[in-house]
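Structure file data_18.txt (compact mmCIF, C-alpha atoms) follows.
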```txt
# COMPACT_ATOMS: atom_id res chain seq x y z
CA MET L 1436 19.18 -4.71 -23.65
CA PHE L 1437 20.22 -2.92 -20.49
CA ILE L 1438 23.59 -1.98 -22.00
CA VAL L 1439 21.99 -0.80 -25.26
CA TYR L 1440 19.64 1.45 -23.26
CA HIS L 1441 22.59 2.82 -21.30
CA LEU L 1442 24.60 3.46 -24.47
CA ILE L 1443 21.74 5.32 -26.15
CA ILE L 1444 21.27 7.56 -23.10
CA PHE L 1445 25.02 8.12 -22.81
CA TYR L 1446 25.17 9.10 -26.49
CA LEU L 1447 22.35 11.62 -26.04
CA VAL L 1448 23.83 13.02 -22.83
CA SER L 1449 27.21 13.55 -24.50
CA HIS L 1450 25.46 15.40 -27.36
CA PHE L 1451 23.56 17.62 -24.91
CA ILE L 1452 26.77 18.52 -23.09
CA TRP L 1453 28.55 19.20 -26.39
CA TYR L 1454 25.61 21.45 -27.42
CA LEU L 1455 25.67 23.18 -24.03
CA PHE L 1456 29.23 24.37 -24.65
CA ARG L 1457 28.72 25.11 -28.34
CA GLU L 1458 25.51 27.18 -28.17
CA ASN L 1459 25.79 30.99 -27.99
CA GLU L 1460 22.32 31.98 -26.72
CA PHE L 1461 22.02 31.93 -22.98
CA TRP L 1462 18.38 30.78 -22.74
CA LYS L 1463 18.96 27.93 -25.17
CA ARG L 1464 21.79 26.76 -22.92
CA VAL L 1465 19.48 26.93 -19.89
CA SER L 1466 16.93 24.82 -21.80
CA VAL L 1467 19.59 22.24 -22.61
CA ALA L 1468 20.65 22.13 -18.94
CA LEU L 1469 17.05 21.45 -17.89
CA VAL L 1470 16.60 18.67 -20.45
CA LEU L 1471 19.96 17.28 -19.40
CA ILE L 1472 18.67 16.68 -15.83
CA MET L 1473 16.13 14.12 -17.01
CA PHE L 1474 18.68 12.31 -19.15
CA LEU L 1475 21.26 12.30 -16.35
CA LEU L 1476 18.64 10.72 -14.06
CA ARG L 1477 18.10 8.04 -16.70
CA LEU L 1478 21.83 7.61 -17.18
CA PHE L 1479 22.28 6.96 -13.47
CA LEU L 1480 19.13 4.77 -13.52
CA ILE L 1481 17.55 6.66 -10.66
CA LYS L 1482 14.06 5.24 -10.42
CA MET P 1424 36.13 30.77 -30.77
CA LYS P 1425 33.92 31.13 -27.74
CA GLY P 1426 35.01 33.26 -24.86
CA LEU P 1427 36.07 32.05 -21.47
CA LYS P 1428 32.97 33.66 -19.92
CA ASP P 1429 30.61 31.61 -22.13
CA ARG P 1430 32.41 28.38 -21.24
CA LEU P 1431 32.25 29.28 -17.59
CA ILE P 1432 28.48 29.84 -17.82
CA SER P 1433 28.04 26.51 -19.63
CA GLY P 1434 30.13 24.77 -17.00
CA LEU P 1435 28.06 26.32 -14.22
CA LEU P 1436 24.83 25.21 -15.92
CA LEU P 1437 26.21 21.67 -16.17
CA LEU P 1438 27.12 21.73 -12.48
CA LEU P 1439 23.66 23.07 -11.66
CA SER P 1440 22.06 20.15 -13.57
CA LEU P 1441 24.18 17.66 -11.66
CA ALA P 1442 23.37 19.34 -8.32
CA LEU P 1443 19.62 19.29 -9.08
CA CYS P 1444 19.91 15.59 -10.00
CA PHE P 1445 21.69 14.89 -6.73
CA PHE P 1446 19.25 16.71 -4.43
CA SER P 1447 16.07 15.55 -6.17
CA THR P 1448 17.40 11.98 -6.09
CA GLN P 1449 17.87 12.06 -2.32
CA LYS P 1450 14.18 12.83 -1.76
CA PHE P 1451 13.00 10.50 -4.47
CA ARG P 1452 14.98 7.52 -3.17
CA GLU P 1453 13.48 7.92 0.30
CA GLN P 1454 10.34 6.39 -1.19
CA HIS P 1455 12.11 3.04 -1.29
CA LYS P 1456 13.03 3.10 2.41
CA LYS P 1457 10.80 1.01 4.63
CA GLU P 1458 9.77 2.53 7.92
CA THR P 1459 10.84 0.44 10.91
CA LEU P 1460 8.15 -1.48 12.77
CA PHE P 1461 8.59 -2.53 16.40
CA PRO P 1462 6.88 -5.90 17.00
CA SER P 1463 5.49 -6.64 20.45
CA GLY P 1464 7.11 -9.15 22.80
CA GLY P 1465 4.52 -11.68 21.66
CA LEU P 1466 6.16 -12.09 18.24
CA ALA P 1467 7.00 -15.76 17.69
CA SER P 1468 8.92 -15.31 14.44
CA ARG P 1469 9.37 -12.97 11.52
CA GLU P 1470 9.60 -14.51 8.09
CA MET P 1471 9.75 -13.17 4.56
CA LEU P 1472 7.02 -13.88 2.04
CA SER P 1473 9.70 -15.47 -0.15
CA SER P 1474 10.16 -18.22 2.45
CA TYR P 1475 6.72 -19.46 1.35
CA PHE P 1476 7.39 -18.91 -2.35
CA PRO P 1477 11.09 -18.64 -3.35
CA GLY P 1478 10.12 -16.98 -6.64
CA LEU P 1479 9.95 -13.70 -4.70
CA ILE P 1480 13.53 -13.79 -3.37
CA ASP P 1481 15.38 -10.54 -4.17
CA THR P 1482 12.32 -8.96 -5.75
CA PRO P 1483 10.52 -5.79 -4.62
CA GLY P 1484 7.49 -7.98 -3.93
CA ASP P 1485 9.15 -9.71 -1.00
CA THR P 1486 7.78 -8.49 2.32
CA GLU P 1487 7.77 -9.23 6.06
CA VAL P 1488 5.41 -11.78 7.60
CA TYR P 1489 4.90 -11.46 11.37
CA ILE P 1490 3.82 -14.61 13.21
CA TYR P 1491 2.29 -14.55 16.70
CA GLY P 1492 1.42 -17.53 18.91
CA GLY P 1493 1.56 -21.08 17.69
CA GLN P 1494 2.62 -22.65 21.03
CA ASN P 1495 -0.89 -23.79 21.97
CA PRO P 1496 -2.97 -25.25 19.15
CA GLY P 1497 -6.04 -23.37 18.02
CA GLY P 1498 -7.32 -21.45 15.03
CA ASN P 1499 -4.97 -19.91 12.47
CA ILE P 1500 -5.73 -16.38 11.30
CA LEU P 1501 -4.19 -14.32 8.50
CA ILE P 1502 -4.52 -10.53 8.56
CA LEU P 1503 -3.43 -8.59 5.50
CA GLY P 1504 -2.72 -4.85 5.48
CA GLY P 1505 -1.24 -2.73 2.71
CA ALA P 1506 -2.66 -4.67 -0.23
CA HIS P 1507 -3.47 -1.16 -1.48
CA PRO P 1508 -0.85 1.22 -0.01
CA ASN P 1509 -3.03 4.30 -0.63
CA GLU P 1510 -5.49 2.98 1.98
CA PRO P 1511 -3.69 3.96 5.18
CA ALA P 1512 -6.17 2.60 7.74
CA GLY P 1513 -5.56 -0.97 6.58
CA TYR P 1514 -1.81 -0.59 6.87
CA VAL P 1515 -1.88 1.26 10.22
CA THR P 1516 -4.28 -1.31 11.72
CA ALA P 1517 -1.85 -4.09 10.79
CA VAL P 1518 1.01 -2.09 12.35
CA LEU P 1519 -1.02 -1.56 15.55
CA LEU P 1520 -1.59 -5.31 15.81
CA ILE P 1521 2.10 -6.07 15.21
CA GLU P 1522 3.21 -3.64 17.92
CA ASN P 1523 0.68 -4.71 20.57
CA ILE P 1524 -0.78 -8.20 20.40
CA GLN P 1525 0.16 -11.35 22.25
CA VAL P 1526 -1.44 -14.65 21.24
CA SER P 1527 -1.80 -17.31 23.93
CA GLN P 1528 -3.77 -19.83 21.86
CA GLY P 1529 -3.83 -20.36 18.13
CA LYS P 1530 -1.80 -18.38 15.64
CA ILE P 1531 -2.11 -14.94 14.03
CA ILE P 1532 -0.07 -14.06 10.95
CA VAL P 1533 0.09 -10.39 9.98
CA ILE P 1534 1.43 -9.06 6.68
CA PRO P 1535 1.44 -5.25 6.98
CA ARG P 1536 2.86 -4.37 3.53
CA ALA P 1537 1.20 -6.99 1.35
CA ASN P 1538 2.09 -5.10 -1.82
CA ASN P 1539 5.53 -3.87 -0.83
CA SER P 1540 6.21 -2.46 -4.29
CA GLY P 1541 3.12 -0.23 -4.09
CA PHE P 1542 4.67 1.57 -1.11
CA THR P 1543 7.63 2.74 -3.23
CA HIS P 1544 5.74 5.19 -5.44
CA SER P 1545 2.67 7.43 -5.56
CA GLU P 1546 -0.31 7.68 -7.87
CA PRO P 1547 0.65 9.83 -10.90
CA GLN P 1548 -1.22 13.17 -11.24
CA GLU P 1549 -2.85 12.91 -7.81
CA GLY P 1550 -0.45 15.23 -5.98
CA ASN P 1551 -0.52 12.87 -3.01
CA LEU P 1552 1.83 13.30 -0.08
CA ARG P 1553 4.81 10.97 0.34
CA GLY P 1554 3.48 9.99 3.72
CA TYR P 1555 2.04 11.10 7.01
CA SER P 1556 3.17 11.23 10.62
CA LEU P 1557 1.34 9.99 13.69
CA GLU P 1558 2.16 11.48 17.08
CA THR P 1559 3.29 8.91 19.66
CA PRO P 1560 4.23 9.64 23.30
CA GLY P 1561 7.91 9.48 22.27
CA GLY P 1562 7.74 11.49 19.04
CA LYS P 1563 6.35 11.30 15.52
CA ARG P 1564 6.24 8.11 13.49
CA PHE P 1565 6.33 8.47 9.70
CA PHE P 1566 4.36 6.15 7.42
CA ARG P 1567 4.45 5.96 3.64
CA PHE P 1568 1.35 6.77 1.60
CA GLY P 1569 1.80 4.68 -1.52
CA SER P 1570 -0.13 3.70 -4.59
CA ARG P 1571 -2.96 1.26 -5.18
CA LEU P 1572 -0.83 -0.49 -7.80
CA THR P 1573 2.59 -2.13 -8.00
CA ASN P 1574 5.34 0.30 -9.00
CA PRO P 1575 5.68 0.28 -12.83
CA ILE P 1576 9.48 0.21 -12.51
CA HIS P 1577 9.01 -3.23 -10.94
CA GLN P 1578 6.37 -4.47 -13.38
CA TRP P 1579 6.27 -2.96 -16.85
CA PRO P 1580 4.72 -2.63 -19.38
CA ASP P 1581 1.03 -3.13 -18.63
CA PRO P 1582 -0.85 -5.28 -21.14
CA THR P 1583 -3.64 -3.58 -23.11
CA LEU P 1584 -6.09 -6.09 -21.68
CA TYR P 1585 -5.34 -8.04 -18.53
CA ILE P 1586 -6.77 -11.52 -18.15
CA ASN P 1587 -6.17 -12.44 -14.52
CA PRO P 1588 -5.37 -15.96 -13.23
CA SER P 1589 -9.10 -16.60 -12.75
CA GLY P 1590 -9.90 -15.64 -16.34
CA GLN P 1591 -11.49 -12.23 -15.64
CA LYS P 1592 -10.85 -9.59 -18.31
CA LEU P 1593 -9.72 -6.28 -16.82
CA SER P 1594 -8.01 -3.09 -17.97
CA GLY P 1595 -4.25 -3.45 -18.40
CA GLN P 1596 -3.16 -1.59 -15.29
CA GLU P 1597 -5.13 -3.99 -13.09
CA SER P 1598 -2.28 -6.44 -13.69
CA ARG P 1599 -0.53 -4.39 -10.98
CA ASN P 1600 -3.48 -4.50 -8.55
CA LEU P 1601 -2.82 -7.21 -5.95
CA ASN P 1602 -6.51 -7.54 -5.17
CA ARG P 1603 -7.31 -8.51 -8.76
CA CYS P 1604 -4.50 -11.06 -9.18
CA TYR P 1605 -5.57 -13.92 -6.89
CA PRO P 1606 -4.96 -16.83 -6.81
CA GLY P 1607 -1.78 -15.69 -8.52
CA LYS P 1608 0.67 -17.46 -10.78
CA PRO P 1609 4.14 -18.78 -9.86
CA LYS P 1610 5.54 -17.65 -13.23
CA GLY P 1611 3.31 -14.64 -13.88
CA TYR P 1612 3.73 -10.90 -13.35
CA LEU P 1613 5.35 -9.75 -10.09
CA THR P 1614 1.92 -8.92 -8.61
CA GLU P 1615 0.64 -12.37 -9.56
CA LYS P 1616 3.67 -13.90 -7.82
CA ILE P 1617 2.85 -11.94 -4.64
CA ALA P 1618 -0.75 -13.18 -4.81
CA PHE P 1619 0.51 -16.73 -5.33
CA ALA P 1620 2.82 -16.41 -2.30
CA ILE P 1621 -0.09 -15.26 -0.13
CA MET P 1622 -2.09 -18.27 -1.29
CA GLU P 1623 0.89 -20.44 -0.31
CA ILE P 1624 0.84 -18.98 3.21
CA ILE P 1625 -2.88 -19.71 3.48
CA LYS P 1626 -2.34 -23.32 2.42
CA LYS P 1627 0.92 -24.07 4.25
CA GLU P 1628 -0.10 -22.43 7.53
CA LYS P 1629 -3.56 -24.06 7.33
CA ILE P 1630 -5.30 -20.72 7.77
CA ASP P 1631 -8.91 -20.93 8.97
CA LEU P 1632 -9.89 -17.27 8.71
CA ALA P 1633 -8.25 -14.67 6.44
CA ILE P 1634 -9.00 -10.95 6.78
CA ASP P 1635 -8.00 -8.41 4.12
CA LEU P 1636 -7.97 -4.79 5.39
CA HIS P 1637 -8.98 -2.15 2.86
CA GLU P 1638 -10.49 1.28 2.42
CA ALA P 1639 -12.70 2.71 -0.29
CA ALA P 1640 -13.78 6.14 -1.49
CA PRO P 1641 -16.91 7.50 0.26
CA GLU P 1642 -18.74 7.59 -3.10
CA TYR P 1643 -18.07 3.87 -3.68
CA PRO P 1644 -21.07 1.65 -2.84
CA VAL P 1645 -19.02 -1.04 -1.05
CA VAL P 1646 -17.87 1.03 1.91
CA ASN P 1647 -18.10 0.53 5.68
CA ALA P 1648 -18.66 -3.03 4.69
CA ILE P 1649 -17.83 -6.62 5.49
CA VAL P 1650 -17.38 -8.43 2.19
CA PHE P 1651 -17.57 -12.15 2.73
CA HIS P 1652 -17.18 -15.40 0.83
CA GLU P 1653 -20.21 -17.68 1.15
CA ASN P 1654 -18.27 -20.09 3.36
CA SER P 1655 -17.93 -17.30 5.95
CA ALA P 1656 -21.54 -16.11 5.71
CA GLU P 1657 -22.46 -17.28 9.20
CA LEU P 1658 -19.37 -15.68 10.71
CA ALA P 1659 -19.98 -12.39 8.88
CA SER P 1660 -23.66 -12.09 9.79
CA TYR P 1661 -23.01 -13.05 13.40
CA SER P 1662 -20.24 -10.45 13.61
CA LEU P 1663 -22.41 -7.77 12.00
CA MET P 1664 -25.00 -8.05 14.76
CA GLU P 1665 -22.33 -7.78 17.43
CA LEU P 1666 -20.75 -4.76 15.74
CA GLN P 1667 -24.11 -3.02 15.54
CA GLN P 1668 -24.58 -3.63 19.26
CA ILE P 1669 -21.39 -1.69 20.03
CA GLY P 1670 -22.33 1.17 17.70
CA PHE P 1671 -20.53 0.37 14.45
CA GLU P 1672 -22.74 0.34 11.36
CA PHE P 1673 -21.48 -2.04 8.69
CA ARG P 1674 -23.18 -3.44 5.63
CA LEU P 1675 -22.81 -7.04 4.56
CA GLU P 1676 -21.74 -7.69 0.98
CA LEU P 1677 -21.60 -11.19 -0.46
CA SER P 1678 -18.55 -11.67 -2.65
CA PRO P 1679 -19.89 -11.76 -6.23
CA ASN P 1680 -19.31 -15.00 -8.09
CA ASN P 1681 -18.62 -13.28 -11.39
CA LEU P 1682 -16.00 -10.81 -10.14
CA ARG P 1683 -12.82 -12.82 -10.08
CA GLY P 1684 -9.34 -12.25 -8.75
CA LEU P 1685 -10.33 -10.64 -5.45
CA SER P 1686 -9.15 -11.94 -2.08
CA HIS P 1687 -12.63 -12.55 -0.67
CA ARG P 1688 -13.53 -14.68 -3.70
CA GLU P 1689 -10.33 -16.58 -4.56
CA TRP P 1690 -9.11 -17.26 -1.00
CA GLY P 1691 -12.41 -18.98 -0.31
CA ASP P 1692 -12.63 -20.81 -3.64
CA HIS P 1693 -9.01 -22.00 -3.87
CA ALA P 1694 -8.12 -22.59 -0.21
CA GLN P 1695 -11.57 -23.15 1.35
CA VAL P 1696 -10.63 -20.54 3.96
CA MET P 1697 -13.18 -18.25 5.59
CA ALA P 1698 -12.42 -15.09 3.61
CA ILE P 1699 -13.40 -11.62 4.78
CA LEU P 1700 -12.57 -8.18 3.38
CA LEU P 1701 -13.16 -5.08 5.49
CA GLU P 1702 -13.78 -1.64 3.97
CA THR P 1703 -13.81 1.78 5.64
CA ALA P 1704 -14.41 5.17 4.01
CA ASN P 1705 -11.22 6.98 3.00
CA PRO P 1706 -11.71 10.47 1.52
CA SER P 1707 -8.02 10.76 0.53
CA GLN P 1708 -8.45 8.21 -2.25
CA GLY P 1709 -11.77 9.36 -3.67
CA ARG P 1710 -12.44 11.05 -7.01
CA LEU P 1711 -14.32 13.94 -5.41
CA LYS P 1712 -11.56 15.01 -3.02
CA GLY P 1713 -10.09 18.49 -3.03
CA LYS P 1714 -6.41 19.26 -2.53
CA SER P 1715 -4.39 16.36 -1.14
CA SER P 1716 -3.07 17.29 2.29
CA LEU P 1717 -1.96 15.89 5.59
CA SER P 1718 -5.26 16.97 7.09
CA LEU P 1719 -7.11 14.97 4.43
CA ILE P 1720 -5.20 11.81 5.36
CA ILE P 1721 -5.23 12.24 9.15
CA GLU P 1722 -8.40 14.21 9.87
CA GLY P 1723 -10.29 12.98 6.82
CA LYS P 1724 -11.79 16.43 6.31
CA ASP P 1725 -12.71 17.66 2.86
CA ARG P 1726 -15.11 20.43 1.80
CA ASN P 1727 -15.91 18.73 -1.51
CA TYR P 1728 -17.02 15.59 0.30
CA SER P 1729 -19.11 17.62 2.75
CA LYS P 1730 -20.89 19.19 -0.23
CA ALA P 1731 -21.26 15.83 -1.97
CA ALA P 1732 -22.87 14.42 1.18
CA LYS P 1733 -25.45 17.24 1.12
CA PHE P 1734 -26.32 16.27 -2.47
CA GLY P 1735 -26.73 12.65 -1.37
CA LEU P 1736 -23.86 11.40 -3.53
CA LEU P 1737 -22.06 9.42 -0.83
CA PHE P 1738 -22.66 6.04 0.74
CA VAL P 1739 -21.49 7.14 4.20
CA PRO P 1740 -22.40 10.10 6.41
CA PHE P 1741 -19.88 12.92 5.91
CA ASP P 1742 -19.98 16.26 7.71
CA GLY P 1743 -17.50 18.97 8.65
CA GLU P 1744 -15.90 16.61 11.16
CA GLY P 1745 -14.70 14.34 8.35
CA ILE P 1746 -13.77 10.69 8.81
CA PRO P 1747 -10.45 10.70 10.68
CA ILE P 1748 -7.98 7.87 10.32
CA LYS P 1749 -8.32 7.02 14.03
CA LEU P 1750 -12.03 6.30 13.49
CA ARG P 1751 -11.28 4.18 10.42
CA VAL P 1752 -8.62 2.21 12.28
CA ALA P 1753 -11.00 1.83 15.25
CA ARG P 1754 -13.60 0.34 12.88
CA HIS P 1755 -11.07 -2.17 11.57
CA LEU P 1756 -9.96 -3.09 15.09
CA ALA P 1757 -13.55 -3.50 16.29
CA ALA P 1758 -14.38 -5.68 13.29
CA ILE P 1759 -11.28 -7.87 13.79
CA LYS P 1760 -11.99 -8.29 17.49
CA ILE P 1761 -15.62 -9.24 16.87
CA LEU P 1762 -14.70 -11.55 13.99
CA LEU P 1763 -12.26 -13.37 16.27
CA SER P 1764 -14.79 -13.72 19.10
CA SER P 1765 -17.47 -14.90 16.66
CA PHE P 1766 -14.97 -17.34 15.15
CA ASN P 1767 -14.35 -18.72 18.66
CA GLU P 1768 -18.07 -19.18 19.28
CA LEU P 1769 -18.62 -20.91 15.94
CA ASN P 1770 -15.44 -23.02 16.15
CA PRO P 1771 -14.86 -23.86 19.84
CA GLU P 1772 -12.38 -26.59 18.87
CA LYS P 1773 -10.18 -23.98 17.15
CA ARG P 1774 -10.17 -21.19 19.67
CA ILE P 1775 -7.87 -18.24 19.34
CA GLU P 1776 -6.93 -16.07 22.33
CA VAL P 1777 -5.44 -12.63 21.72
CA ASN P 1778 -4.30 -10.27 24.44
CA HIS P 1779 -3.36 -6.59 24.40
CA MET P 1780 -5.22 -5.80 21.20
CA PRO P 1781 -5.88 -2.02 21.27
CA SER P 1782 -9.58 -1.43 21.88
CA SER P 1783 -11.52 0.50 19.27
CA SER P 1784 -13.01 2.84 21.89
CA GLN P 1785 -9.57 3.74 23.25
CA VAL P 1786 -8.18 4.34 19.75
CA LYS P 1787 -11.16 6.62 19.00
CA LEU P 1788 -10.65 8.46 22.28
CA LYS P 1789 -6.86 8.70 22.59
CA GLY P 1790 -5.74 8.40 18.97
CA ILE P 1791 -3.60 5.84 17.18
CA GLY P 1792 -0.23 7.15 18.34
CA GLN P 1793 -0.91 6.16 21.96
CA PHE P 1794 -0.72 2.51 20.88
CA LEU P 1795 2.36 2.82 18.67
CA CYS P 1796 5.95 2.43 19.83
CA PRO P 1797 8.04 5.61 19.86
CA PRO P 1798 10.21 6.14 16.76
CA TYR P 1799 13.34 4.53 18.16
CA ARG P 1800 14.26 0.91 18.81
CA LYS P 1801 13.27 -0.46 22.21
```

In C-alpha cells, how does this file's structure come out?
Amino acid sequence: MFIVYHLIIFYLVSHFIWYLFRENEFWKRVSVALVLIMFLLRLFLIK
Amino acid sequence: MKGLKDRLISGLLLLLSLALCFFSTQKFREQHKKETLFPSGGLASREMLSSYFPGLIDTPGDTEVYIYGGQNPGGNILILGGAHPNEPAGYVTAVLLIENIQVSQGKIIVIPRANNSGFTHSEPQEGNLRGYSLETPGGKRFFRFGSRLTNPIHQWPDPTLYINPSGQKLSGQESRNLNRCYPGKPKGYLTEKIAFAIMEIIKKEKIDLAIDLHEAAPEYPVVNAIVFHENSAELASYSLMELQQIGFEFRLELSPNNLRGLSHREWGDHAQVMAILLETANPSQGRLKGKSSLSLIIEGKDRNYSKAAKFGLLFVPFDGEGIPIKLRVARHLAAIKILLSSFNELNPEKRIEVNHMPSSSQVKLKGIGQFLCPPYRK
C-alpha cells in the first residue's frame, strides 16, 4: 500500500514537472510550482 | 520549440519549490523533537512506558517514565502530566516535579508527556503557537504546546462513531483523546494502547494514589476543580478543606458513573486506585479566546475572556490580570502537596515523604523559571 501511494504521487509529480516545462503562460507555471510543493512534501513523506 | 529563457524560468520555479519544501520542512520537523528535561538528583530510574507494555515499543506513543524513591517502603504515587498537550500547566507542573523532588519514603512516578504523540502537532485552525519559553536563571527553556488529541499521522482514520473500551459512545475524533480511552486495549488504537500501558503501570507498581494533571477552558463548568473517584472521596474532601485554608478555592466534583473512559473513573474502577484529576483554568484552550499569542499562554490575559467574565459567562473570576501559567502551576503544586499530606494522614502505614518540592507561594512570587534547570545539561 505504501509503495502504491508513493508511485501515485511520483506519477503526479512527474506530470506536474513535465507541465511546468511545457506551459507557455508564466502565471500558470507559478501555479504549478505552488501545487508541486505539496506533492513534493508528500513524495518525501514529510509529516 | 520553447526558448531557453522559458526553460530557465521553469527550472528556477522548480528550484524555488524544492527550496520552499526544504525550509518549511525544517520548521515543521522541529515539532517532533522532544525538549530535554533535567531530572533532579533524586531520580531512582528512568524507564519507558513500553517497558510496562511492549506493544508501545518503537511507536510515537512511547514516553519517558521518571521514578523517584522506592528505597524505603511507603505509598506509591503516580502523577500524570501532558495527557492533553494543549494544557501547559499540567505538563510544566510534571516537569517542575521531575527537576526538583527527592523522595525519602515511598515512591513517586511521574509521566510528563503522557500522550507523547499529541506533542508532535497542533490543533488545526486554531493558529496556536508551536510552543512557549520560560525564563530560567540560566536562559530560556522552550516547551512544546501541542494538541489535545493524538497526531492523526500516528492514528488515522478516525471512526465515525467511537465506542471506547468502557462501551461509551463518543464522536470519532475522541478515539485520539487519551482521557477518553481508559482502561485501554492492548490491541486497540495507539491511544488505547497508551491508556492500557498506563493501567499496567498502576497495577504493576501497586499505585495507591494516581493524580492526572489537566486544564480546562474558563467557560467549562469543571474548572479549578478536584475530580475524584468515590474511593478517594475522603482524601479529596479532606484536601479541599486544607487547600481553602491556604487560600486556594477548588470545587469538588464526583466522577460521574455514566461518563466512561476518563482517568478518574476507570483508574478507580479497574485498578481500585485512589484516582484524582486536577483542573485549572486555561484561557489559551477556550472557545472564547481572542488571538493565540505567547502572552495568552504565559500571562493568561485575554480581552474576550475579561468581557465574558463581566457577562457572567465564566466559571472562574477573570479580570485584566488574566490567569497566568505560574498561578495555574502553583495551584497544581499546592493541590499535589496537600493531597500527599492528606494521604499520609489517612494512610499512616503507607507514608510518602517528598523533599524539595517547589512551594506554590514561591512559584506564584518568583515564577516557574526559578525552579527549572537552565537550558543546558548539568

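The nearest approach to chain L among the residues P:Thr1559, P:Gln1785, P:Thr1486, P:Asn1574, with all atoms listed in the file taken into account, belongs to P:Asn1574.
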
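Near chain P, within 8 Å and counting all atoms listed in the file, the residues of chain L are L:Ile1452, L:Leu1455, L:Phe1456, L:Arg1457, L:Asn1459, L:Arg1464, L:Val1465, L:Ala1468, L:Leu1469, L:Leu1471, L:Ile1472, L:Leu1475, L:Leu1476, L:Ile1481, L:Lys1482.
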
Got a sec: who's within 9 Å of region 1447-1449 of chain L, counting only C-alpha atoms, leaving out chain neighbours fewer than 4 positions off, as an mmCIF file with C-alpha atoms, in the frame of the given file?
```cif
data_model
loop_
_atom_site.group_PDB
_atom_site.id
_atom_site.type_symbol
_atom_site.label_atom_id
_atom_site.label_comp_id
_atom_site.auth_asym_id
_atom_site.auth_seq_id
_atom_site.Cartn_x
_atom_site.Cartn_y
_atom_site.Cartn_z
ATOM 1 C CA LEU L 1442 24.600 3.460 -24.470
ATOM 2 C CA ILE L 1443 21.740 5.320 -26.150
ATOM 3 C CA TRP L 1453 28.550 19.200 -26.390
ATOM 4 C CA TYR L 1454 25.610 21.450 -27.420
ATOM 5 C CA LEU L 1471 19.960 17.280 -19.400
ATOM 6 C CA PHE L 1474 18.680 12.310 -19.150
ATOM 7 C CA LEU L 1475 21.260 12.300 -16.350
ATOM 8 C CA LEU L 1478 21.830 7.610 -17.180
#
```

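We find CA of Ser1463 (chain P) and CA of Asn1778 (chain P) to be spaced 11.2 Å apart.
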
Might you pull out every residue within 12 Å of Glu1657 (chain P), with all atoms listed in the file counted and same-chain residues fewer than 2 positions away left off, and present them as a compact mmCIF listing (two decimals) with C-alpha atoms, in the coordinates of the input?
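Here's the written file part_26.txt:
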```txt
# COMPACT_ATOMS: atom_id res chain seq x y z
CA PHE P 1651 -17.57 -12.15 2.73
CA HIS P 1652 -17.18 -15.40 0.83
CA GLU P 1653 -20.21 -17.68 1.15
CA ASN P 1654 -18.27 -20.09 3.36
CA SER P 1655 -17.93 -17.30 5.95
CA ALA P 1659 -19.98 -12.39 8.88
CA SER P 1660 -23.66 -12.09 9.79
CA TYR P 1661 -23.01 -13.05 13.40
CA SER P 1662 -20.24 -10.45 13.61
CA LEU P 1663 -22.41 -7.77 12.00
CA MET P 1664 -25.00 -8.05 14.76
CA LEU P 1675 -22.81 -7.04 4.56
CA LEU P 1677 -21.60 -11.19 -0.46
CA MET P 1697 -13.18 -18.25 5.59
CA ALA P 1698 -12.42 -15.09 3.61
CA ILE P 1699 -13.40 -11.62 4.78
CA LEU P 1762 -14.70 -11.55 13.99
CA SER P 1765 -17.47 -14.90 16.66
CA PHE P 1766 -14.97 -17.34 15.15
CA GLU P 1768 -18.07 -19.18 19.28
CA LEU P 1769 -18.62 -20.91 15.94
CA ASN P 1770 -15.44 -23.02 16.15
```

For region 1451-1459 of chain L, which lacks atoms in the input, supply N, CA, C and O atoms and format the output as a PDB file, in the frame of the given file.
```
ATOM      1  N   PHE L1451      24.112  16.460 -25.628  1.00  0.00           N
ATOM      2  CA  PHE L1451      23.560  17.620 -24.910  1.00  0.00           C
ATOM      3  C   PHE L1451      24.677  18.455 -24.301  1.00  0.00           C
ATOM      4  O   PHE L1451      24.655  19.683 -24.358  1.00  0.00           O
ATOM      5  N   ILE L1452      25.665  17.788 -23.735  1.00  0.00           N
ATOM      6  CA  ILE L1452      26.770  18.520 -23.090  1.00  0.00           C
ATOM      7  C   ILE L1452      27.596  19.255 -24.156  1.00  0.00           C
ATOM      8  O   ILE L1452      27.973  20.413 -23.990  1.00  0.00           O
ATOM      9  N   TRP L1453      27.814  18.566 -25.279  1.00  0.00           N
ATOM     10  CA  TRP L1453      28.550  19.200 -26.390  1.00  0.00           C
ATOM     11  C   TRP L1453      27.789  20.452 -26.852  1.00  0.00           C
ATOM     12  O   TRP L1453      28.379  21.515 -27.039  1.00  0.00           O
ATOM     13  N   TYR L1454      26.455  20.332 -26.970  1.00  0.00           N
ATOM     14  CA  TYR L1454      25.610  21.450 -27.420  1.00  0.00           C
ATOM     15  C   TYR L1454      25.636  22.590 -26.407  1.00  0.00           C
ATOM     16  O   TYR L1454      25.643  23.769 -26.767  1.00  0.00           O
ATOM     17  N   LEU L1455      25.667  22.186 -25.115  1.00  0.00           N
ATOM     18  CA  LEU L1455      25.670  23.180 -24.030  1.00  0.00           C
ATOM     19  C   LEU L1455      26.874  24.113 -24.149  1.00  0.00           C
ATOM     20  O   LEU L1455      26.775  25.315 -23.899  1.00  0.00           O
ATOM     21  N   PHE L1456      28.002  23.561 -24.550  1.00  0.00           N
ATOM     22  CA  PHE L1456      29.230  24.370 -24.650  1.00  0.00           C
ATOM     23  C   PHE L1456      29.366  25.057 -26.010  1.00  0.00           C
ATOM     24  O   PHE L1456      30.147  25.991 -26.162  1.00  0.00           O
ATOM     25  N   ARG L1457      28.596  24.587 -26.992  1.00  0.00           N
ATOM     26  CA  ARG L1457      28.720  25.110 -28.340  1.00  0.00           C
ATOM     27  C   ARG L1457      27.733  26.256 -28.588  1.00  0.00           C
ATOM     28  O   ARG L1457      28.013  27.183 -29.342  1.00  0.00           O
ATOM     29  N   GLU L1458      26.592  26.217 -27.925  1.00  0.00           N
ATOM     30  CA  GLU L1458      25.510  27.180 -28.170  1.00  0.00           C
ATOM     31  C   GLU L1458      25.887  28.575 -27.644  1.00  0.00           C
ATOM     32  O   GLU L1458      26.518  28.706 -26.596  1.00  0.00           O
ATOM     33  N   ASN L1459      25.468  29.610 -28.383  1.00  0.00           N
ATOM     34  CA  ASN L1459      25.790  30.990 -27.990  1.00  0.00           C
ATOM     35  C   ASN L1459      24.701  31.615 -27.126  1.00  0.00           C
ATOM     36  O   ASN L1459      24.987  32.359 -26.194  1.00  0.00           O
TER      37      ASN L1459
END
```
